[in-house]
file query22.txt (compact mmCIF, C-alpha atoms)
# COMPACT_ATOMS: atom_id res chain seq x y z
CA MET Y 868 0.00 0.00 0.00
CA LEU Y 869 2.99 2.27 0.33
CA VAL Y 870 3.36 2.39 -3.47
CA LEU Y 871 -0.13 3.83 -3.79
CA ARG Y 872 0.73 6.75 -1.60
CA LEU Y 873 3.97 7.45 -3.41
CA ILE Y 874 2.51 7.49 -6.92
CA ASP Y 875 -0.07 10.08 -7.82
CA THR Y 876 -2.73 8.50 -10.05
CA ASP Y 877 -5.00 11.52 -10.37
CA PRO Y 878 -5.69 11.69 -14.15
CA ILE Y 879 -6.55 15.40 -14.13
CA LYS Y 880 -3.46 16.62 -12.34
CA GLN Y 881 -1.36 16.64 -15.51
CA PHE Y 882 -3.41 19.54 -16.85
CA GLU Y 883 -2.70 21.88 -13.95
CA VAL Y 884 -1.16 25.17 -14.95
CA THR Y 885 1.61 26.16 -12.56
CA LYS Y 886 3.52 29.41 -12.45
CA TRP Y 887 7.23 29.21 -13.12
CA ILE Y 888 7.99 32.93 -12.97
CA ASP Y 889 5.49 35.20 -11.23
CA PHE Y 890 4.98 38.42 -13.17
CA GLN Y 891 1.96 40.68 -12.62
CA PRO Y 892 2.46 44.23 -13.88
CA GLY Y 893 -0.44 46.44 -12.82
CA GLY Y 894 -2.63 43.53 -11.67
CA LEU Y 895 -2.45 41.89 -15.09
CA ASP Y 896 -1.37 38.27 -14.72
CA LEU Y 897 1.38 37.74 -17.30
CA SER Y 898 3.19 35.03 -15.35
CA PHE Y 899 5.41 32.63 -17.22
CA THR Y 900 3.60 29.31 -16.66
CA ASN Y 901 4.42 25.75 -17.62
CA ALA Y 902 2.09 26.24 -20.62
CA SER Y 903 4.18 29.19 -21.81
CA GLY Y 904 7.32 27.18 -21.15
CA PHE Y 905 6.26 24.18 -23.22
CA MET Y 906 5.01 26.37 -26.05
CA LEU Y 907 8.37 28.11 -26.07
CA LEU Y 908 10.10 24.71 -26.04
CA GLY Y 909 8.07 23.66 -29.10
CA VAL Y 910 8.96 26.85 -30.98
CA VAL Y 911 12.65 26.49 -30.09
CA MET Y 912 12.66 22.85 -31.23
CA ILE Y 913 11.01 23.76 -34.55
CA LEU Y 914 13.54 26.55 -35.10
CA LEU Y 915 16.42 24.22 -34.27
CA LEU Y 916 15.11 21.42 -36.52
CA PHE Y 917 14.53 23.58 -39.57
CA GLY Y 918 17.55 25.78 -38.90
CA MET Y 919 19.79 22.72 -38.84
CA ALA Y 920 17.97 21.14 -41.78
CA ALA Y 921 18.48 24.23 -43.92
CA SER Y 922 21.98 25.16 -42.77
CA ARG Y 923 23.93 22.71 -44.92
CA ALA Y 924 21.89 22.30 -48.10
CA GLU Y 925 23.31 19.58 -50.31
CA LEU Y 926 22.22 18.05 -53.56
CA VAL Y 927 22.06 14.65 -51.91
CA PRO Y 928 20.22 15.57 -48.71
CA SER Y 929 21.34 14.45 -45.29
CA ARG Y 930 18.78 12.81 -43.00
CA LEU Y 931 17.94 16.08 -41.31
CA GLN Y 932 17.61 17.91 -44.61
CA SER Y 933 15.28 15.15 -45.85
CA ILE Y 934 13.03 15.67 -42.82
CA GLY Y 935 12.89 19.39 -43.55
CA GLU Y 936 12.15 18.86 -47.22
CA LEU Y 937 9.51 16.22 -46.51
CA GLY Y 938 7.78 18.52 -44.04
CA TYR Y 939 7.86 21.39 -46.50
CA GLY Y 940 6.55 19.22 -49.34
CA PHE Y 941 3.83 17.69 -47.18
CA VAL Y 942 2.39 21.05 -46.12
CA ALA Y 943 2.79 22.53 -49.62
CA ASP Y 944 0.85 19.60 -51.13
CA MET Y 945 -1.84 19.98 -48.48
CA VAL Y 946 -2.28 23.71 -49.17
CA ARG Y 947 -2.26 23.18 -52.92
CA GLY Y 948 -4.77 20.33 -52.67
CA ALA Y 949 -7.30 22.17 -50.50
CA ALA Y 950 -6.92 25.82 -51.57
CA GLY Y 951 -5.31 25.61 -55.03
CA GLU Y 952 -2.19 27.40 -56.30
CA GLU Y 953 -3.60 30.70 -55.08
CA GLY Y 954 -3.67 29.38 -51.54
CA LEU Y 955 0.10 29.05 -51.51
CA LYS Y 956 0.39 32.65 -50.31
CA PHE Y 957 -0.88 31.29 -47.01
CA PHE Y 958 1.71 28.53 -47.00
CA PRO Y 959 3.91 30.16 -44.29
CA PHE Y 960 0.90 30.51 -42.00
CA VAL Y 961 -0.34 26.93 -42.47
CA PHE Y 962 3.20 25.59 -42.16
CA THR Y 963 3.71 27.42 -38.85
CA LEU Y 964 0.33 26.34 -37.55
CA PHE Y 965 0.85 22.69 -38.50
CA PHE Y 966 4.29 22.39 -36.94
CA PHE Y 967 3.36 24.35 -33.82
CA ILE Y 968 0.44 22.00 -33.12
CA LEU Y 969 2.38 18.89 -34.13
CA PHE Y 970 5.26 19.74 -31.81
CA ALA Y 971 2.92 20.71 -28.96
CA ASN Y 972 1.10 17.36 -29.34
CA VAL Y 973 4.23 15.25 -29.62
CA ILE Y 974 6.06 17.01 -26.79
CA GLY Y 975 2.97 16.31 -24.67
CA MET Y 976 3.48 12.58 -25.27
CA SER Y 977 6.73 12.45 -23.31
CA PRO Y 978 6.35 11.72 -19.59
CA TYR Y 979 6.19 14.72 -17.22
CA ALA Y 980 5.58 17.06 -20.16
CA PHE Y 981 2.67 19.47 -20.29
CA THR Y 982 0.36 19.25 -23.32
CA THR Y 983 -0.43 22.83 -24.26
CA THR Y 984 -3.02 21.80 -26.88
CA SER Y 985 -5.10 20.05 -24.20
CA HIS Y 986 -6.18 23.50 -22.99
CA ILE Y 987 -9.08 25.09 -24.81
CA VAL Y 988 -7.54 28.55 -24.33
CA VAL Y 989 -4.69 27.58 -26.63
CA THR Y 990 -6.76 25.82 -29.30
CA ALA Y 991 -9.45 28.53 -29.24
CA SER Y 992 -6.82 31.24 -29.71
CA LEU Y 993 -5.44 29.38 -32.73
CA ALA Y 994 -8.94 28.87 -34.16
CA LEU Y 995 -9.83 32.54 -33.64
CA LEU Y 996 -6.63 33.54 -35.41
CA VAL Y 997 -7.57 31.32 -38.36
CA ILE Y 998 -11.12 32.63 -38.63
CA SER Y 999 -9.98 36.26 -38.23
CA ILE Y 1000 -7.58 35.81 -41.13
CA VAL Y 1001 -10.36 34.22 -43.21
CA ILE Y 1002 -12.79 37.08 -42.50
CA ILE Y 1003 -10.27 39.92 -42.90
CA TYR Y 1004 -8.67 38.49 -46.03
CA GLY Y 1005 -12.07 37.56 -47.49
CA PHE Y 1006 -13.38 41.11 -47.16
CA TRP Y 1007 -10.06 42.62 -48.24
CA LYS Y 1008 -9.87 40.55 -51.42
CA ASN Y 1009 -13.53 40.22 -52.41
CA GLY Y 1010 -15.06 43.26 -50.75
CA LEU Y 1011 -18.75 42.70 -50.06
CA GLY Y 1012 -18.62 39.81 -52.52
CA PHE Y 1013 -17.35 37.77 -49.58
CA LEU Y 1014 -20.93 37.78 -48.28
CA LYS Y 1015 -21.86 35.52 -51.20
CA LEU Y 1016 -20.41 32.80 -48.98
CA PHE Y 1017 -23.62 33.03 -46.96
CA ALA Y 1018 -25.95 32.93 -49.96
CA PRO Y 1019 -25.25 29.98 -52.25
CA ALA Y 1020 -26.37 30.77 -55.79
CA GLY Y 1021 -29.31 29.08 -57.47
CA ALA Y 1022 -31.98 28.93 -54.78
CA PRO Y 1023 -35.43 30.56 -55.12
CA TRP Y 1024 -35.58 33.77 -53.08
CA PRO Y 1025 -37.95 32.69 -50.26
CA ILE Y 1026 -35.45 29.98 -49.38
CA TYR Y 1027 -32.77 32.61 -48.65
CA ILE Y 1028 -34.74 33.80 -45.60
CA LEU Y 1029 -33.96 30.44 -44.01
CA LEU Y 1030 -30.72 29.70 -45.79
CA ILE Y 1031 -28.72 32.81 -44.91
CA PRO Y 1032 -29.10 32.47 -41.11
CA ILE Y 1033 -28.24 28.77 -41.41
CA GLU Y 1034 -25.10 29.56 -43.41
CA VAL Y 1035 -24.10 32.30 -40.97
CA ILE Y 1036 -24.50 29.93 -38.02
CA SER Y 1037 -22.54 27.18 -39.74
CA PHE Y 1038 -19.78 29.70 -40.56
CA PHE Y 1039 -19.45 30.78 -36.95
CA ALA Y 1040 -19.55 27.18 -35.80
CA ARG Y 1041 -16.29 26.57 -37.66
CA PRO Y 1042 -13.82 28.11 -35.21
CA LEU Y 1043 -15.68 26.28 -32.45
CA THR Y 1044 -15.36 22.86 -34.12
CA LEU Y 1045 -11.74 23.60 -34.97
CA ALA Y 1046 -10.89 24.44 -31.37
CA LEU Y 1047 -13.11 21.76 -29.82
CA ARG Y 1048 -11.82 18.87 -31.87
CA LEU Y 1049 -8.13 19.41 -31.11
CA PHE Y 1050 -8.83 20.17 -27.45
CA ALA Y 1051 -11.19 17.21 -26.92
CA ASN Y 1052 -8.87 14.74 -28.63
CA MET Y 1053 -5.83 15.74 -26.63
CA LEU Y 1054 -7.70 15.99 -23.31
CA ALA Y 1055 -9.52 12.67 -23.68
CA GLY Y 1056 -6.41 10.87 -24.92
CA HIS Y 1057 -4.22 12.03 -22.07
CA ILE Y 1058 -6.85 11.23 -19.43
CA MET Y 1059 -7.19 7.71 -20.87
CA LEU Y 1060 -3.44 7.21 -20.87
CA LYS Y 1061 -3.11 8.31 -17.29
CA LEU Y 1062 -6.13 6.22 -16.21
CA PHE Y 1063 -4.80 2.97 -17.62
CA ALA Y 1064 -1.29 3.63 -16.37
CA GLY Y 1065 -2.84 4.39 -12.98
CA PHE Y 1066 -4.85 1.13 -13.09
CA ALA Y 1067 -1.68 -0.85 -13.70
CA VAL Y 1068 0.09 0.70 -10.74
CA THR Y 1069 -2.91 0.47 -8.42
CA LEU Y 1070 -3.63 -3.17 -9.29
CA ALA Y 1071 0.00 -4.15 -8.87
CA GLY Y 1072 0.08 -2.31 -5.54
CA LEU Y 1073 -3.00 -4.14 -4.21
CA GLY Y 1074 -1.20 -7.47 -4.42
CA GLY Y 1075 -2.69 -10.99 -4.46
CA ALA Y 1076 -4.90 -11.91 -7.42
CA TYR Y 1077 -4.95 -8.32 -8.62
CA ILE Y 1078 -1.36 -8.60 -9.82
CA ALA Y 1079 -2.60 -11.00 -12.50
CA ILE Y 1080 -4.84 -8.28 -13.98
CA ALA Y 1081 -2.22 -5.53 -13.84
CA PRO Y 1082 -0.45 -6.56 -17.07
CA LEU Y 1083 -3.75 -6.20 -18.95
CA ALA Y 1084 -4.07 -2.58 -17.89
CA PHE Y 1085 -0.40 -2.07 -18.67
CA GLY Y 1086 -0.85 -3.55 -22.17
CA MET Y 1087 -3.83 -1.30 -22.74
CA GLY Y 1088 -1.67 1.65 -21.72
CA ILE Y 1089 0.96 0.70 -24.29
CA ALA Y 1090 -1.68 0.33 -27.04
CA LEU Y 1091 -3.17 3.71 -26.10
CA ASN Y 1092 0.27 5.25 -26.23
CA ALA Y 1093 0.66 4.14 -29.85
CA LEU Y 1094 -2.83 5.42 -30.65
CA GLU Y 1095 -2.06 8.77 -29.03
CA PHE Y 1096 0.99 9.26 -31.23
CA LEU Y 1097 -1.27 8.69 -34.23
CA VAL Y 1098 -3.82 11.15 -32.85
CA ALA Y 1099 -1.08 13.73 -32.18
CA GLY Y 1100 -0.06 13.71 -35.83
CA LEU Y 1101 -3.57 13.35 -37.20
CA GLN Y 1102 -5.07 16.22 -35.24
CA ALA Y 1103 -2.29 18.58 -36.34
CA TYR Y 1104 -3.03 17.49 -39.91
CA VAL Y 1105 -6.80 17.93 -39.49
CA PHE Y 1106 -6.36 21.41 -38.01
CA ALA Y 1107 -4.09 22.45 -40.86
CA ILE Y 1108 -6.25 20.97 -43.63
CA LEU Y 1109 -9.41 22.58 -42.26
CA THR Y 1110 -7.55 25.89 -42.13
CA CYS Y 1111 -6.77 25.41 -45.83
CA VAL Y 1112 -10.43 24.61 -46.59
CA TYR Y 1113 -11.58 27.77 -44.79
CA LEU Y 1114 -8.91 29.87 -46.51
CA ASN Y 1115 -10.23 28.48 -49.79
CA ASP Y 1116 -13.62 29.99 -48.91
CA ALA Y 1117 -11.93 33.36 -48.38
CA LEU Y 1118 -10.23 33.05 -51.78
CA HIS Y 1119 -13.31 31.85 -53.66
CA PRO Y 1120 -16.40 32.83 -51.65
CA SER Y 1121 -19.02 31.57 -54.14
CA HIS Y 1122 -20.15 28.04 -53.29
CA MET Z 368 23.11 -2.05 -76.76
CA SER Z 369 21.06 0.36 -74.75
CA SER Z 370 23.67 3.14 -74.90
CA ASP Z 371 23.17 3.39 -78.68
CA ASP Z 372 19.46 4.03 -78.36
CA PRO Z 373 18.69 7.62 -77.18
CA ASP Z 374 15.14 6.69 -76.16
CA SER Z 375 16.03 3.95 -73.75
CA LEU Z 376 17.15 6.23 -70.93
CA GLY Z 377 14.04 8.36 -71.29
CA ASP Z 378 11.91 5.24 -71.37
CA ARG Z 379 13.53 3.90 -68.26
CA ILE Z 380 13.04 7.21 -66.43
CA ALA Z 381 9.38 7.28 -67.46
CA LYS Z 382 8.95 3.68 -66.29
CA ALA Z 383 10.59 4.43 -62.95
CA LYS Z 384 8.41 7.51 -62.49
CA ALA Z 385 5.24 5.55 -63.25
CA ALA Z 386 6.26 2.89 -60.77
CA ARG Z 387 6.97 5.49 -58.10
CA ASP Z 388 3.66 7.29 -58.69
CA ALA Z 389 1.77 4.01 -58.50
CA LYS Z 390 3.53 3.22 -55.24
CA THR Z 391 2.83 6.58 -53.61
CA ASN Z 392 -0.79 6.50 -54.73
CA ALA Z 393 -1.20 3.01 -53.38
CA GLU Z 394 0.23 4.00 -49.99
CA ARG Z 395 -1.93 7.06 -49.47
CA PRO Z 396 -5.42 5.66 -48.84
CA GLY Z 397 -3.98 3.29 -46.26
CA ASP Z 398 -2.54 6.19 -44.30
CA VAL Z 399 -5.85 8.04 -44.23
CA LYS Z 400 -7.93 5.01 -43.35
CA ALA Z 401 -5.70 4.17 -40.41
CA GLY Z 402 -6.51 7.53 -38.85
CA GLU Z 403 -10.24 7.65 -39.44
CA SER Z 404 -11.37 5.17 -36.86
CA ALA Z 405 -15.01 4.97 -35.79
CA GLY Z 406 -14.23 7.02 -32.70
CA ALA Z 407 -12.57 9.80 -34.70
CA LEU Z 408 -15.56 9.91 -37.06
CA ALA Z 409 -18.01 10.07 -34.16
CA LEU Z 410 -16.06 12.91 -32.57
CA ARG Z 411 -15.93 14.77 -35.87
CA TYR Z 412 -19.68 14.53 -36.53
CA GLY Z 413 -20.48 15.28 -32.92
CA ALA Z 414 -18.31 18.39 -32.91
CA GLU Z 415 -19.83 19.63 -36.19
CA PHE Z 416 -23.38 19.18 -34.94
CA GLY Z 417 -22.87 20.35 -31.37
CA ALA Z 418 -20.95 23.48 -32.32
CA SER Z 419 -23.66 24.64 -34.73
CA VAL Z 420 -26.40 24.15 -32.15
CA PHE Z 421 -24.28 25.97 -29.58
CA VAL Z 422 -23.67 28.93 -31.92
CA GLY Z 423 -27.40 29.01 -32.74
CA ILE Z 424 -28.26 29.19 -29.04
CA LEU Z 425 -25.69 31.96 -28.51
CA PHE Z 426 -27.11 33.97 -31.41
CA GLY Z 427 -30.64 33.46 -30.09
CA LEU Z 428 -29.74 34.62 -26.60
CA GLY Z 429 -27.90 37.59 -28.08
CA ILE Z 430 -30.88 38.63 -30.20
CA ASP Z 431 -33.22 38.26 -27.21
CA HIS Z 432 -30.88 40.33 -25.06
CA LEU Z 433 -30.61 43.14 -27.63
CA ALA Z 434 -34.17 43.18 -28.97
CA GLY Z 435 -36.00 42.06 -25.84
CA THR Z 436 -37.98 39.34 -27.66
CA ARG Z 437 -37.41 36.95 -24.79
CA PRO Z 438 -38.24 33.39 -25.83
CA TRP Z 439 -38.64 33.85 -29.59
CA GLY Z 440 -35.11 34.62 -30.70
CA LEU Z 441 -33.80 31.62 -28.81
CA LEU Z 442 -36.49 29.32 -30.20
CA VAL Z 443 -36.02 30.38 -33.81
CA MET Z 444 -32.23 30.42 -33.70
CA LEU Z 445 -32.13 27.05 -31.92
CA GLY Z 446 -34.15 25.59 -34.79
CA LEU Z 447 -31.84 27.18 -37.33
CA GLY Z 448 -28.83 25.97 -35.35
CA LEU Z 449 -30.13 22.40 -35.54
CA ALA Z 450 -30.57 22.81 -39.29
CA ALA Z 451 -27.06 24.25 -39.65
CA GLY Z 452 -25.67 21.35 -37.59
CA THR Z 453 -27.29 18.83 -39.90
CA LEU Z 454 -25.99 20.74 -42.93
CA ASN Z 455 -22.47 20.78 -41.50
CA MET Z 456 -22.63 17.06 -40.78
CA VAL Z 457 -23.71 16.33 -44.35
CA ARG Z 458 -20.89 18.57 -45.60
CA ALA Z 459 -18.31 16.85 -43.44
CA TYR Z 460 -19.50 13.47 -44.72
CA ARG Z 461 -19.35 14.63 -48.35
CA GLU Z 462 -15.92 16.16 -47.91
CA MET Z 463 -14.56 12.96 -46.39
CA ASN Z 464 -16.10 10.91 -49.19
CA ALA Z 465 -14.54 13.20 -51.79
CA ARG Z 466 -11.16 12.92 -50.10
CA ALA Z 467 -11.39 9.13 -49.91
CA ALA Z 468 -12.35 8.96 -53.60
CA ALA Z 469 -9.57 11.37 -54.58
CA ASN Z 470 -7.06 9.30 -52.66
CA GLN Z 471 -7.99 6.23 -54.65
CA ASN Z 472 -7.91 7.96 -58.04
CA GLY Z 473 -4.93 10.24 -57.58
CA PRO Z 474 -3.88 13.35 -55.68
CA PRO Z 475 -6.71 15.52 -54.35
CA GLY Z 476 -7.85 18.36 -56.58
CA PRO Z 477 -8.75 21.93 -55.59
CA GLU Z 478 -12.48 21.21 -55.86
CA ASN Z 479 -12.53 19.07 -52.73
CA GLY Z 480 -12.97 21.74 -50.10
CA THR Z 481 -15.66 23.79 -51.79
CA GLY Z 482 -18.52 21.41 -50.75
call {"tool": "encode", "arguments": {"input": "query22.txt", "output": "structure tokens"}}
result
Amino acid sequence: MLVLRLIDTDPIKQFEVTKWIDFQPGGLDLSFTNASGFMLLGVVMILLLFGMAASRAELVPSRLQSIGELGYGFVADMVRGAAGEEGLKFFPFVFTLFFFILFANVIGMSPYAFTTTSHIVVTASLALLVISIVIIYGFWKNGLGFLKLFAPAGAPWPIYILLIPIEVISFFARPLTLALRLFANMLAGHIMLKLFAGFAVTLAGLGGAYIAIAPLAFGMGIALNALEFLVAGLQAYVFAILTCVYLNDALHPSH
Amino acid sequence: MSSDDPDSLGDRIAKAKAARDAKTNAERPGDVKAGESAGALALRYGAEFGASVFVGILFGLGIDHLAGTRPWGLLVMLGLGLAAGTLNMVRAYREMNARAAANQNGPPGPENGTG
């Protein structure tokens, strides 16, 4: 029973935001928390990876250069596929977004790390940034023609009374789904991981017949770990591809 | 023999390219399918539907607050939110179908996202 007291199996505790450096100018809480720290770590790692990948460009690429080129090609193909050649002007934005989320997700997979994308504040900020760019660029490029997005052509006019509010609602639901999906996936996945790992420890600590069940929970934990790595990559991809789809609407507002 | 024929190198390059394209196209659908488990699909549809209803409710409450039409704005916008949720779900389904089809027939085209 001593083991139980030593190991904390609370599945929610991993999401606690703790202050590393307290900083509150004029009552405004701008403390440097573990969330800020792990976001900064992700940015530094991305800069290091691509800085090193691009530093010694050779005709026959080294391993690191190949990683950089593959990442570049992957995101470029994604943007081109969802938003066309015109969408490539948003390539730097989508590239940054994809790698920021990917690194945040993957860093969160290592033990004792904090998963910044499991907080809705972070994902909602990213989603609001995306939708702000879509709205501002849409109006800047198309003027009021951007509003055609809310009125698909070819319907008889009485239908528009119903259709326009529906389209407006579904447009404003987009940032919400974008933020919710990433947040919910990361939160649920990490709780599951911690739960099954906690089961294994608790069962082993109880002794007797329970020890026989502990490996099952442990095996489940390993399987979930693999699944979570898949989810980490997939959710970064989904976020980036949906950004491209929404940017496509800003480029070509007519349905 | 082959060094005399100027076409043979070009032919071989074309053959190698075709083989590589076939390989990359064959690998792609597998990658996508592996990710889209039943749980991921359920979460996707749920998020699409729930978010629209939520936005509809927010709009309704906002209209009621501004115009003072207490229950009616909420009722109407909730109905429209449900409709928008269904529409978004259908769109998500269509978009995924288009992507799956594009992955089997070649790289995805720009018409996929316009739904």
call {"tool": "closest_residue", "arguments": {"input": "query22.txt", "among": "Y:Gly948, Y:Gly1005, Y:Gly1088, Y:Gly1100", "to": "Y:Leu969", "atoms": "all atoms listed in the file"}}
result
Y:Gly1100
call {"tool": "closest_residue", "arguments": {"input": "query22.txt", "among": "Z:Gly452, Z:Gly377, Z:Gly406, Z:Gly427", "to": "chain Y", "atoms": "only C-alpha atoms"}}
result
Z:Gly452
call {"tool": "atom_distance", "arguments": {"input": "query22.txt", "atom1": "atom CA of Z:Ala465", "atom2": "atom CA of Y:Ile998"}}
result
23.7 Å
call {"tool": "closest_residue", "arguments": {"input": "query22.txt", "among": "Z:Phe426, Z:Gly448, Z:Asn464, Z:Lys382", "to": "Y:Leu1030", "atoms": "only C-alpha atoms"}}
result
Z:Gly448
call {"tool": "interface_residues", "arguments": {"input": "query22.txt", "of": "chain Y", "to": "chain Z", "cutoff": "8 Å", "atoms": "only C-alpha atoms", "output": "PDB file with C-alpha atoms, in the coordinates of the input"}}
result
ATOM      1  CA  ARG Y 947      -2.260  23.180 -52.920  1.00  0.00           C
ATOM      2  CA  GLY Y 948      -4.770  20.330 -52.670  1.00  0.00           C
ATOM      3  CA  ALA Y 949      -7.300  22.170 -50.500  1.00  0.00           C
ATOM      4  CA  ALA Y 950      -6.920  25.820 -51.570  1.00  0.00           C
ATOM      5  CA  GLY Y 951      -5.310  25.610 -55.030  1.00  0.00           C
ATOM      6  CA  LEU Y1029     -33.960  30.440 -44.010  1.00  0.00           C
ATOM      7  CA  PRO Y1032     -29.100  32.470 -41.110  1.00  0.00           C
ATOM      8  CA  ILE Y1033     -28.240  28.770 -41.410  1.00  0.00           C
ATOM      9  CA  GLU Y1034     -25.100  29.560 -43.410  1.00  0.00           C
ATOM     10  CA  ILE Y1036     -24.500  29.930 -38.020  1.00  0.00           C
ATOM     11  CA  SER Y1037     -22.540  27.180 -39.740  1.00  0.00           C
ATOM     12  CA  PHE Y1039     -19.450  30.780 -36.950  1.00  0.00           C
ATOM     13  CA  ALA Y1040     -19.550  27.180 -35.800  1.00  0.00           C
ATOM     14  CA  ARG Y1041     -16.290  26.570 -37.660  1.00  0.00           C
ATOM     15  CA  LEU Y1043     -15.680  26.280 -32.450  1.00  0.00           C
ATOM     16  CA  THR Y1044     -15.360  22.860 -34.120  1.00  0.00           C
ATOM     17  CA  LEU Y1047     -13.110  21.760 -29.820  1.00  0.00           C
ATOM     18  CA  ARG Y1048     -11.820  18.870 -31.870  1.00  0.00           C
ATOM     19  CA  LEU Y1097      -1.270   8.690 -34.230  1.00  0.00           C
ATOM     20  CA  VAL Y1098      -3.820  11.150 -32.850  1.00  0.00           C
ATOM     21  CA  LEU Y1101      -3.570  13.350 -37.200  1.00  0.00           C
ATOM     22  CA  VAL Y1112     -10.430  24.610 -46.590  1.00  0.00           C
ATOM     23  CA  ASN Y1115     -10.230  28.480 -49.790  1.00  0.00           C
ATOM     24  CA  ASP Y1116     -13.620  29.990 -48.910  1.00  0.00           C
ATOM     25  CA  HIS Y1122     -20.150  28.040 -53.290  1.00  0.00           C
TER      26      HIS Y1122
END
call {"tool": "atom_distance", "arguments": {"input": "query22.txt", "atom1": "atom CA of Y:Glu1095", "atom2": "atom CA of Y:Phe981"}}
result
14.6 Å
call {"tool": "closest_residue", "arguments": {"input": "query22.txt", "among": "Y:Val942, Y:Ala1084, Y:Ile1003, Y:Ala1107", "to": "Y:Ala1071", "atoms": "all atoms listed in the file"}}
result
Y:Ala1084
call {"tool": "axis_aligned_box", "arguments": {"input": "query22.txt", "around": "stretch 1017-1035 of chain Y", "padding_each_side": "6 Å", "output": "JSON"}}
result
{"center_x": -30.8, "center_y": 31.3, "center_z": -49.2, "size_x": 26.3, "size_y": 17.0, "size_z": 28.5}
call {"tool": "atom_distance", "arguments": {"input": "query22.txt", "atom1": "atom CA of Y:Leu1091", "atom2": "atom CA of Y:Phe1063"}}
result
8.7 Å
call {"tool": "residues_near_point", "arguments": {"input": "query22.txt", "point": "(5.1, 28.9, -17.2)", "cutoff": "10 Å", "atoms": "all atoms listed in the file", "output": "list of chain:residue names"}}
result
Y:Val884, Y:Thr885, Y:Lys886, Y:Trp887, Y:Ile888, Y:Asp889, Y:Leu897, Y:Ser898, Y:Phe899, Y:Thr900, Y:Asn901, Y:Ala902, Y:Ser903, Y:Gly904, Y:Phe905, Y:Met906, Y:Leu907
call {"tool": "residues_around", "arguments": {"input": "query22.txt", "residues": "Y:Val910", "least_positions_apart": "4", "cutoff": "12 Å", "atoms": "only C-alpha atoms", "output": "list in words"}}
result
Ser903, Gly904, Phe905, Met906, Leu914, Leu915, Leu916, Phe917, Gly918, Thr963, Leu964, Phe965, Phe966, Phe967, Ile968, Leu969, Phe970, Ala971 and Ile974 of chain Y
call {"tool": "write_last_selection", "arguments": {"input": "query22.txt", "atoms": "C-alpha atoms", "output": "mmCIF file, keeping the file's coordinate frame"}}
result
data_model
loop_
_atom_site.group_PDB
_atom_site.id
_atom_site.type_symbol
_atom_site.label_atom_id
_atom_site.label_comp_id
_atom_site.auth_asym_id
_atom_site.auth_seq_id
_atom_site.Cartn_x
_atom_site.Cartn_y
_atom_site.Cartn_z
ATOM 1 C CA SER Y 903 4.180 29.190 -21.810
ATOM 2 C CA GLY Y 904 7.320 27.180 -21.150
ATOM 3 C CA PHE Y 905 6.260 24.180 -23.220
ATOM 4 C CA MET Y 906 5.010 26.370 -26.050
ATOM 5 C CA LEU Y 914 13.540 26.550 -35.100
ATOM 6 C CA LEU Y 915 16.420 24.220 -34.270
ATOM 7 C CA LEU Y 916 15.110 21.420 -36.520
ATOM 8 C CA PHE Y 917 14.530 23.580 -39.570
ATOM 9 C CA GLY Y 918 17.550 25.780 -38.900
ATOM 10 C CA THR Y 963 3.710 27.420 -38.850
ATOM 11 C CA LEU Y 964 0.330 26.340 -37.550
ATOM 12 C CA PHE Y 965 0.850 22.690 -38.500
ATOM 13 C CA PHE Y 966 4.290 22.390 -36.940
ATOM 14 C CA PHE Y 967 3.360 24.350 -33.820
ATOM 15 C CA ILE Y 968 0.440 22.000 -33.120
ATOM 16 C CA LEU Y 969 2.380 18.890 -34.130
ATOM 17 C CA PHE Y 970 5.260 19.740 -31.810
ATOM 18 C CA ALA Y 971 2.920 20.710 -28.960
ATOM 19 C CA ILE Y 974 6.060 17.010 -26.790
#
